[in-house]
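J.: So that we are looking at the same thing, I have put the structure below in structure tokens.
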Amino acid sequence: MSGKHTTILGIESSCDDTSAAVLCGSKIVSNCVSTQKIHQKYGGVVPELASRAHQELIVPVISEALEIAGMNLDEIDAIACTRGPGLMGSLVVGLSFAKALALAINKPLIDVNHMKAHVLAHFIEDDNKQMPNFPFLCLTVSGGHTQIVEVKADNDMKVIGTTIDDAAGEAFDKAAKMIGIDYPGGPELDRLAEDGDPNKFSFAKPNIKELDFSFSGLKTSILYKIRDLSKNEPDFVISNKLDLCASIRKSIVDILMAKILKASKHKKIKRIAIAGGVSANKELRRRLIALEDEGYSVHIPKFEYCTDNAAMVAIAGKFRFERGDFASQAIAAEPRLKW
Ligand code: KG4
Ligand code: ZN
């Protein structure tokens with residue numbers, strides 16, 4: 001399979017997903033992700049448990065990725081691994097393993113910025129999708145990040161807007177929890193919202209300067225509304241669950257859309273891409289796709305490349321490989337790695 005194409009093994013372990021992928025040219029031949037289940041009962045990722053689980057999973061996940069690709073380690077040209085940002089203990093497991101493996105097979109090591117990898121996931125070759133042309137804007141929305149990135153080239157990206165408090169996925173998860181949906185509640189809230197009235201309830205809108213986001217005011221507004229309306233109607237949440245889901249979803253998506261459109265006007269860029277787990281949100285997808293009728297080009301990668309995965313690390317690694325931009329064995333994991 002490898003032939004003349006560059007073959008890169010990608011490794012991702014920045015949060016609670018242990019993942020390995022094999023990239024051949026610009027095509028993904030395997031992408032294995034093991035999402036740690038242990039965190040569910042704690043209502044969020046527990047860093048100490050995450051790093052322990054990565055230790056258990058890293059070898060099986062990499063072996064599986066190689067097996068699916070039908071490849072041996074000697075067919076790999078380079079190893080790309082997430083260096084940061086993320087949880088220290090989690091990053092260390094992946095990066096230490098990647099370093100050791102690179103030494104053992106005598107191949108270059110490439111360190112990857114997890115956030116840039118989310119953006120570069122759009123360059124994984126997929127027969128059904130067109131890759132974005134530069135420059136484009138990427139809305140990166142997940143449980144850990146909410147950013148608008150101006151992407152001029154694979155190695156020229158700038159964050160032009162970011163959240164000043166919660167991430168969009170966190171806002172979905174926290175709101176979901178208030179209406180009795182277990183962590184991570186974003187997907188279930190989205191599912192229930194399909195049958196609710198998005199205009200039934202309205203919540204406070206943030207008034208944040210420029211292209212930054214804020215979700216904490218919305219969170220408080222939802223909490224107070226539920227508390228006030230439950231006073232006279234103890235079953236308020238249960239009997240209004242679908243409408244609450246739809247109204248909350250609309251509020252969060254309104255915030256995201258307003259900022260990405262503002263950024264588009266400001267930068268005069270009508271190419272919009274999206275990345276991160278929240279890009280699975282049905283309402284957000286519909287609203288973005290609707291922009292195509294207004295002359296925008298919209299890029300939404302396959303869902304498996306939106307959430308945390310090693311395929312995006314491998315493609316980001318490929319760009320660096322082509323520049324001969326390799327890492328030394330002395331690099332350390334960087335939880336707050338900058339853009
Ligand atoms: O990118 P991701 O898998 O992991 C990181 O946080 O890095 O994103 C997970 C987040 C969670 O907060 C989850 O609730 C949210 O994405 N999410 C959704 C949907 N699917 C996943 N939020 C709203 N609607 C969805 N359909
Ligand atoms: Zn991520």
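By order of appearance in the structure tokens: chains A, B, ..., then residues from 1 within every chain, and ligands from 1 in the order shown.
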10 Å from ligand 2 is the threshold here; counting only C-alpha atoms and all ligand atoms, which polymer residues fall inside it? Answer as a list of chain:residue names.
T.: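 Written in the requested form, the residues are A:Glu12, A:Ser13, A:Ser14, A:Cys15, A:Asp16, A:Asp17, A:Pro85, A:Gly86, A:His114, A:Met115, A:Lys116, A:Ala117, A:His118, A:Thr140, A:Val141, A:Ser142, A:Gly143, A:Gly144, A:His145, A:Thr146, A:Ala275, A:Gly276, A:Gly277, A:Cys306, A:Thr307, A:Asp308, A:Asn309, A:Met312.
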J.: How about saving the chosen residues, N, CA and C atoms kept, as an mmCIF file, in the first residue's frame?
T.:
```cif
data_model
loop_
_atom_site.group_PDB
_atom_site.id
_atom_site.type_symbol
_atom_site.label_atom_id
_atom_site.label_comp_id
_atom_site.auth_asym_id
_atom_site.auth_seq_id
_atom_site.Cartn_x
_atom_site.Cartn_y
_atom_site.Cartn_z
ATOM 1 N N GLU A 12 -2.536 10.495 18.685
ATOM 2 C CA GLU A 12 -3.223 11.587 19.393
ATOM 3 C C GLU A 12 -3.628 11.100 20.787
ATOM 4 N N SER A 13 -3.261 11.882 21.809
ATOM 5 C CA SER A 13 -3.655 11.501 23.172
ATOM 6 C C SER A 13 -3.811 12.740 24.059
ATOM 7 N N SER A 14 -4.330 13.849 23.476
ATOM 8 C CA SER A 14 -4.307 15.095 24.254
ATOM 9 C C SER A 14 -5.369 15.184 25.331
ATOM 10 N N CYS A 15 -6.461 14.425 25.178
ATOM 11 C CA CYS A 15 -7.532 14.532 26.174
ATOM 12 C C CYS A 15 -7.996 13.134 26.584
ATOM 13 N N ASP A 16 -9.192 12.741 26.181
ATOM 14 C CA ASP A 16 -9.689 11.420 26.606
ATOM 15 C C ASP A 16 -9.889 10.459 25.435
ATOM 16 N N ASP A 17 -9.322 10.780 24.280
ATOM 17 C CA ASP A 17 -9.374 9.843 23.162
ATOM 18 C C ASP A 17 -7.955 9.360 22.867
ATOM 19 N N PRO A 85 -2.016 21.698 22.439
ATOM 20 C CA PRO A 85 -2.370 21.813 23.849
ATOM 21 C C PRO A 85 -3.219 20.627 24.299
ATOM 22 N N GLY A 86 -3.324 20.459 25.605
ATOM 23 C CA GLY A 86 -4.106 19.352 26.141
ATOM 24 C C GLY A 86 -3.740 19.107 27.591
ATOM 25 N N HIS A 114 -2.307 20.315 18.280
ATOM 26 C CA HIS A 114 -3.639 19.715 18.196
ATOM 27 C C HIS A 114 -4.663 20.643 17.519
ATOM 28 N N MET A 115 -4.594 21.918 17.823
ATOM 29 C CA MET A 115 -5.569 22.854 17.261
ATOM 30 C C MET A 115 -5.354 23.053 15.759
ATOM 31 N N LYS A 116 -4.089 23.122 15.366
ATOM 32 C CA LYS A 116 -3.808 23.258 13.932
ATOM 33 C C LYS A 116 -4.233 21.990 13.205
ATOM 34 N N ALA A 117 -4.073 20.853 13.887
ATOM 35 C CA ALA A 117 -4.469 19.585 13.276
ATOM 36 C C ALA A 117 -5.981 19.571 13.012
ATOM 37 N N HIS A 118 -6.779 20.124 13.940
ATOM 38 C CA HIS A 118 -8.236 20.206 13.711
ATOM 39 C C HIS A 118 -8.509 20.947 12.399
ATOM 40 N N THR A 140 -13.677 26.395 15.024
ATOM 41 C CA THR A 140 -13.307 25.159 15.740
ATOM 42 C C THR A 140 -14.088 25.111 17.043
ATOM 43 N N VAL A 141 -15.047 24.195 17.091
ATOM 44 C CA VAL A 141 -15.967 24.168 18.235
ATOM 45 C C VAL A 141 -16.042 22.765 18.832
ATOM 46 N N SER A 142 -15.554 22.637 20.069
ATOM 47 C CA SER A 142 -15.612 21.325 20.715
ATOM 48 C C SER A 142 -15.864 21.513 22.205
ATOM 49 N N GLY A 143 -15.638 20.412 22.963
ATOM 50 C CA GLY A 143 -15.840 20.508 24.402
ATOM 51 C C GLY A 143 -14.743 21.333 25.064
ATOM 52 N N GLY A 144 -13.617 21.474 24.384
ATOM 53 C CA GLY A 144 -12.480 22.180 24.980
ATOM 54 C C GLY A 144 -12.131 23.485 24.290
ATOM 55 N N HIS A 145 -12.609 23.675 23.056
ATOM 56 C CA HIS A 145 -12.221 24.894 22.351
ATOM 57 C C HIS A 145 -13.351 25.515 21.531
ATOM 58 N N THR A 146 -13.264 26.831 21.395
ATOM 59 C CA THR A 146 -14.194 27.584 20.543
ATOM 60 C C THR A 146 -13.390 28.726 19.966
ATOM 61 N N ALA A 275 -14.784 22.645 12.443
ATOM 62 C CA ALA A 275 -14.090 21.481 13.021
ATOM 63 C C ALA A 275 -14.503 21.337 14.483
ATOM 64 N N GLY A 276 -14.240 20.175 15.059
ATOM 65 C CA GLY A 276 -14.566 19.942 16.473
ATOM 66 C C GLY A 276 -15.892 19.210 16.631
ATOM 67 N N GLY A 277 -16.088 18.607 17.785
ATOM 68 C CA GLY A 277 -17.255 17.751 18.032
ATOM 69 C C GLY A 277 -18.593 18.426 17.804
ATOM 70 N N CYS A 306 -13.827 15.260 12.647
ATOM 71 C CA CYS A 306 -14.175 16.481 13.388
ATOM 72 C C CYS A 306 -13.825 16.331 14.860
ATOM 73 N N THR A 307 -14.178 15.187 15.439
ATOM 74 C CA THR A 307 -13.880 14.972 16.858
ATOM 75 C C THR A 307 -12.388 14.630 16.972
ATOM 76 N N ASP A 308 -11.897 14.491 18.199
ATOM 77 C CA ASP A 308 -10.470 14.232 18.360
ATOM 78 C C ASP A 308 -10.084 12.910 17.706
ATOM 79 N N ASN A 309 -9.057 12.935 16.879
ATOM 80 C CA ASN A 309 -8.647 11.740 16.137
ATOM 81 C C ASN A 309 -7.200 11.896 15.671
ATOM 82 N N MET A 312 -6.220 13.519 11.777
ATOM 83 C CA MET A 312 -5.884 14.940 11.610
ATOM 84 C C MET A 312 -4.426 15.209 12.018
#
```
J.: Taking the chain letters and numbering used in this document, name the residues of region 45-251 of chain A that DSSP puts in alpha helix (DSSP H), as a PyMOL selection string.
T.: chain A and resi 47-69+88-105+114-120+168-178+186-193+216-232+236-239+241-251
J.: Using DSSP secondary structure from the backbone, list all strand (DSSP E) positions within region 15-246 of chain A, as a PyMOL selection string.
T.: chain A and resi 17-24+27-35+78-84+109-113+136-141+146-153+156-162
J.: Restrict the selected residues to C-alpha atoms and save them as a PDB file, in the first residue's frame.
T.:
```pdb
ATOM      1  CA  ASP A  17      -9.374   9.843  23.162  1.00  0.00           C
ATOM      2  CA  THR A  18      -6.486   7.486  22.466  1.00  0.00           C
ATOM      3  CA  SER A  19      -6.062   7.418  18.717  1.00  0.00           C
ATOM      4  CA  ALA A  20      -3.696   6.188  16.001  1.00  0.00           C
ATOM      5  CA  ALA A  21      -4.020   6.579  12.236  1.00  0.00           C
ATOM      6  CA  VAL A  22      -2.071   5.668   9.125  1.00  0.00           C
ATOM      7  CA  LEU A  23      -1.965   8.212   6.304  1.00  0.00           C
ATOM      8  CA  CYS A  24      -0.771   7.222   2.838  1.00  0.00           C
ATOM      9  CA  LYS A  27      -5.548   9.372   2.172  1.00  0.00           C
ATOM     10  CA  ILE A  28      -6.360   7.815   5.496  1.00  0.00           C
ATOM     11  CA  VAL A  29      -6.019   4.038   5.459  1.00  0.00           C
ATOM     12  CA  SER A  30      -6.836   3.542   9.128  1.00  0.00           C
ATOM     13  CA  ASN A  31      -8.038   5.761  11.945  1.00  0.00           C
ATOM     14  CA  CYS A  32      -8.634   4.020  15.271  1.00  0.00           C
ATOM     15  CA  VAL A  33     -10.091   5.959  18.171  1.00  0.00           C
ATOM     16  CA  SER A  34     -10.701   4.563  21.618  1.00  0.00           C
ATOM     17  CA  THR A  35     -12.858   6.988  23.584  1.00  0.00           C
ATOM     18  CA  ALA A  78       7.566   9.258   9.963  1.00  0.00           C
ATOM     19  CA  ILE A  79       5.688   9.424  13.254  1.00  0.00           C
ATOM     20  CA  ALA A  80       3.516  12.466  13.948  1.00  0.00           C
ATOM     21  CA  CYS A  81       2.270  13.051  17.460  1.00  0.00           C
ATOM     22  CA  THR A  82       0.299  15.728  19.297  1.00  0.00           C
ATOM     23  CA  ARG A  83       2.561  17.821  21.503  1.00  0.00           C
ATOM     24  CA  GLY A  84      -0.170  20.122  22.888  1.00  0.00           C
ATOM     25  CA  LEU A 109       9.431  12.393  14.711  1.00  0.00           C
ATOM     26  CA  ILE A 110       7.053  15.268  13.931  1.00  0.00           C
ATOM     27  CA  ASP A 111       5.356  17.237  16.685  1.00  0.00           C
ATOM     28  CA  VAL A 112       1.873  18.490  15.940  1.00  0.00           C
ATOM     29  CA  ASN A 113      -0.240  21.259  17.427  1.00  0.00           C
ATOM     30  CA  PHE A 136     -10.521  30.367   4.671  1.00  0.00           C
ATOM     31  CA  LEU A 137     -12.041  30.789   8.118  1.00  0.00           C
ATOM     32  CA  CYS A 138     -12.303  27.780  10.399  1.00  0.00           C
ATOM     33  CA  LEU A 139     -14.762  27.668  13.280  1.00  0.00           C
ATOM     34  CA  THR A 140     -13.307  25.159  15.740  1.00  0.00           C
ATOM     35  CA  VAL A 141     -15.967  24.168  18.235  1.00  0.00           C
ATOM     36  CA  THR A 146     -14.194  27.584  20.543  1.00  0.00           C
ATOM     37  CA  GLN A 147     -12.182  29.623  18.093  1.00  0.00           C
ATOM     38  CA  ILE A 148     -12.328  31.336  14.755  1.00  0.00           C
ATOM     39  CA  VAL A 149      -9.091  30.805  12.854  1.00  0.00           C
ATOM     40  CA  GLU A 150      -8.015  32.717   9.779  1.00  0.00           C
ATOM     41  CA  VAL A 151      -6.134  30.165   7.689  1.00  0.00           C
ATOM     42  CA  LYS A 152      -3.867  31.656   5.023  1.00  0.00           C
ATOM     43  CA  ALA A 153      -1.724  28.543   4.513  1.00  0.00           C
ATOM     44  CA  ASP A 156       0.067  30.428   8.487  1.00  0.00           C
ATOM     45  CA  MET A 157      -2.932  30.491  10.808  1.00  0.00           C
ATOM     46  CA  LYS A 158      -4.140  33.102  13.231  1.00  0.00           C
ATOM     47  CA  VAL A 159      -6.806  32.914  15.921  1.00  0.00           C
ATOM     48  CA  ILE A 160      -9.033  35.949  15.411  1.00  0.00           C
ATOM     49  CA  GLY A 161     -11.728  35.063  17.938  1.00  0.00           C
ATOM     50  CA  THR A 162     -11.914  32.852  20.998  1.00  0.00           C
TER      51      THR A 162
END
```
J.: Excluding Ala204 (chain A) and its own-chain neighbours fewer than 2 positions away, which residues fall within 8 Å of it when counting only C-alpha atoms? Please give them as a ChimeraX atom specification.
T.: /A:202,206,217-218,221
J.: Do you have, as CSV, the list of residues of region 224-299 of chain A lying at most 9 Å from region 168-175 of chain A, each with its nearest atom pair and that distance in Å to one decimal, counting only C-alpha atoms and ordered by chain then number?
T.:
```
residue,atom,partner,partner_atom,distance
A:Cys245,CA,A:Ala175,CA,8.6
A:Ile248,CA,A:Ala175,CA,7.5
A:Arg249,CA,A:Phe172,CA,7.6
A:Ile252,CA,A:Ala168,CA,7.3
A:Val253,CA,A:Ala168,CA,8.9
A:Leu256,CA,A:Ala168,CA,8.3
A:Gly276,CA,A:Gly169,CA,8.9
A:Gly277,CA,A:Gly169,CA,7.4
A:Val278,CA,A:Gly169,CA,5.9
```
J.: Pick out the residues sitting within 9 Å of Lys129 (chain A), and hand them over as a list in words; count only C-alpha atoms, and ignore anything fewer than 5 positions along from it in its own chain.
T.: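 Near Lys129 (chain A), the qualifying residues are His299, Ile300, Pro301 and Lys302 of chain A.
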J.: With N, CA and C atoms retained, write the just-selected residues as a tab-separated table (two decimals), in the first residue's frame.
T.:
```tsv
chain	number	residue	atom	x	y	z
A	299	HIS	N	-17.32	24.12	4.28
A	299	HIS	CA	-16.60	22.86	4.33
A	299	HIS	C	-16.80	22.17	5.68
A	300	ILE	N	-17.44	21.02	5.62
A	300	ILE	CA	-17.68	20.26	6.85
A	300	ILE	C	-17.06	18.87	6.66
A	301	PRO	N	-16.00	18.55	7.41
A	301	PRO	CA	-15.38	17.24	7.19
A	301	PRO	C	-16.25	16.11	7.73
A	302	LYS	N	-15.90	14.90	7.37
A	302	LYS	CA	-16.58	13.74	7.94
A	302	LYS	C	-16.53	13.84	9.45
```
J.: Might you pull out every residue within 9 Å of Ala332 (chain A), with only C-alpha atoms counted and same-chain residues fewer than 5 positions away left off, and present them as a list in words?
T.: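 So the residues in contact are Arg83, Val92, Leu95 and Ser96 of chain A.
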J.: For the residues in that selection, give me C-alpha atoms as a JSON list (two decimals), in the first residue's frame.
T.:
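To be explicit, this is the file written out as again36.json:
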```
[["chain", "number", "residue", "atom", "x", "y", "z"],
["A", 83, "ARG", "CA", 2.56, 17.82, 21.50],
["A", 92, "VAL", "CA", 3.09, 12.73, 27.93],
["A", 95, "LEU", "CA", 4.53, 11.83, 23.01],
["A", 96, "SER", "CA", 6.84, 9.58, 25.05]]
```
J.: Measuring between only C-alpha atoms and all ligand atoms, which one of A:Ile226, A:Val119, A:Leu101, A:Ala176 shows the shortest distance to ligand 1?
T.: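 Distance minimum relative to ligand 1 lands on A:Ala176.
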J.: Here is a test: counting only C-alpha atoms and all ligand atoms, which residue of A:Leu229, A:Ala330, A:Ala246, A:Ala263 is nearest to ligand 1?
T.: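 So, comparing all the options, the nearest one is A:Ala246.
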J.: Would you pick out the contacts of Val46 (chain A) at 12 Å or less, using only C-alpha atoms, so that residues sharing its chain but fewer than 5 positions from it are not included, and give the list as a short mmCIF file (atom, residue, chain, number, x, y, z; two decimals) with N, CA, C and O atoms, in the first residue's frame?
T.:
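Wrote selection-v7.cif, looks like this:
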```cif
data_model
loop_
_atom_site.label_atom_id
_atom_site.label_comp_id
_atom_site.auth_asym_id
_atom_site.auth_seq_id
_atom_site.Cartn_x
_atom_site.Cartn_y
_atom_site.Cartn_z
N CYS A 15 -6.46 14.43 25.18
CA CYS A 15 -7.53 14.53 26.17
C CYS A 15 -8.00 13.13 26.58
O CYS A 15 -7.25 12.40 27.22
N ASP A 16 -9.19 12.74 26.18
CA ASP A 16 -9.69 11.42 26.61
C ASP A 16 -9.89 10.46 25.43
O ASP A 16 -10.56 9.44 25.60
N GLN A 36 -12.35 6.99 25.94
CA GLN A 36 -12.37 6.43 27.28
C GLN A 36 -13.75 6.60 27.93
O GLN A 36 -14.27 7.71 28.02
N LYS A 37 -14.29 5.50 28.39
CA LYS A 37 -15.65 5.53 28.97
C LYS A 37 -15.65 5.94 30.44
O LYS A 37 -16.63 6.43 30.96
N ILE A 38 -14.50 5.74 31.08
CA ILE A 38 -14.41 5.90 32.53
C ILE A 38 -14.91 7.26 33.04
O ILE A 38 -15.43 7.38 34.13
N HIS A 39 -14.78 8.31 32.18
CA HIS A 39 -15.09 9.67 32.63
C HIS A 39 -16.59 9.96 32.76
O HIS A 39 -16.99 10.90 33.43
N GLN A 40 -17.39 9.15 32.09
CA GLN A 40 -18.83 9.42 32.03
C GLN A 40 -19.46 9.53 33.42
O GLN A 40 -20.22 10.44 33.69
N LYS A 41 -19.07 8.63 34.30
CA LYS A 41 -19.72 8.64 35.61
C LYS A 41 -19.28 9.82 36.48
O LYS A 41 -19.90 10.11 37.49
N SER A 51 -4.83 9.76 31.79
CA SER A 51 -3.47 9.34 31.44
C SER A 51 -3.28 7.85 31.71
O SER A 51 -2.59 7.16 30.96
N ARG A 52 -3.90 7.35 32.77
CA ARG A 52 -3.80 5.91 33.03
C ARG A 52 -4.42 5.11 31.88
O ARG A 52 -3.85 4.12 31.43
N ALA A 53 -5.58 5.55 31.43
CA ALA A 53 -6.25 4.83 30.35
C ALA A 53 -5.43 4.90 29.06
O ALA A 53 -5.34 3.92 28.33
N LEU A 87 -4.10 17.94 28.08
CA LEU A 87 -3.81 17.59 29.47
C LEU A 87 -2.39 17.02 29.55
O LEU A 87 -2.03 16.15 28.76
N GLY A 89 -0.66 15.00 31.58
CA GLY A 89 -0.47 13.55 31.75
C GLY A 89 -0.85 12.77 30.51
O GLY A 89 -0.21 11.78 30.15
N SER A 90 -1.88 13.22 29.83
CA SER A 90 -2.35 12.54 28.62
C SER A 90 -1.36 12.73 27.47
O SER A 90 -1.01 11.78 26.77
#
```
J.: With only C-alpha atoms as the counted atoms, please give the residues lying no more than 12 Å from Ser239 (chain A), apart from itself and same-chain residues fewer than 2 positions off, as a list of chain:residue names.
T.: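 Those residues are A:Ile179, A:Gly196, A:Ile226, A:Leu229, A:Ser230, A:Glu233, A:Pro234, A:Asp235, A:Phe236, A:Val237, A:Lys241, A:Leu242, A:Asp243, A:Leu244, A:Cys245.
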J.: Nearest to Gly10 (chain A): which of A:Leu261, A:Ile62, A:Ala280, A:Ile269 is it, counting only C-alpha atoms?
T.: A:Ile62
J.: Using only C-alpha atoms, which residue out of A:Leu73, A:Val93, A:Ile315, A:Ile289 lies closest to Ala50 (chain A)?
T.: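 Using only C-alpha atoms, Ala50 (chain A) sits closest to A:Val93.
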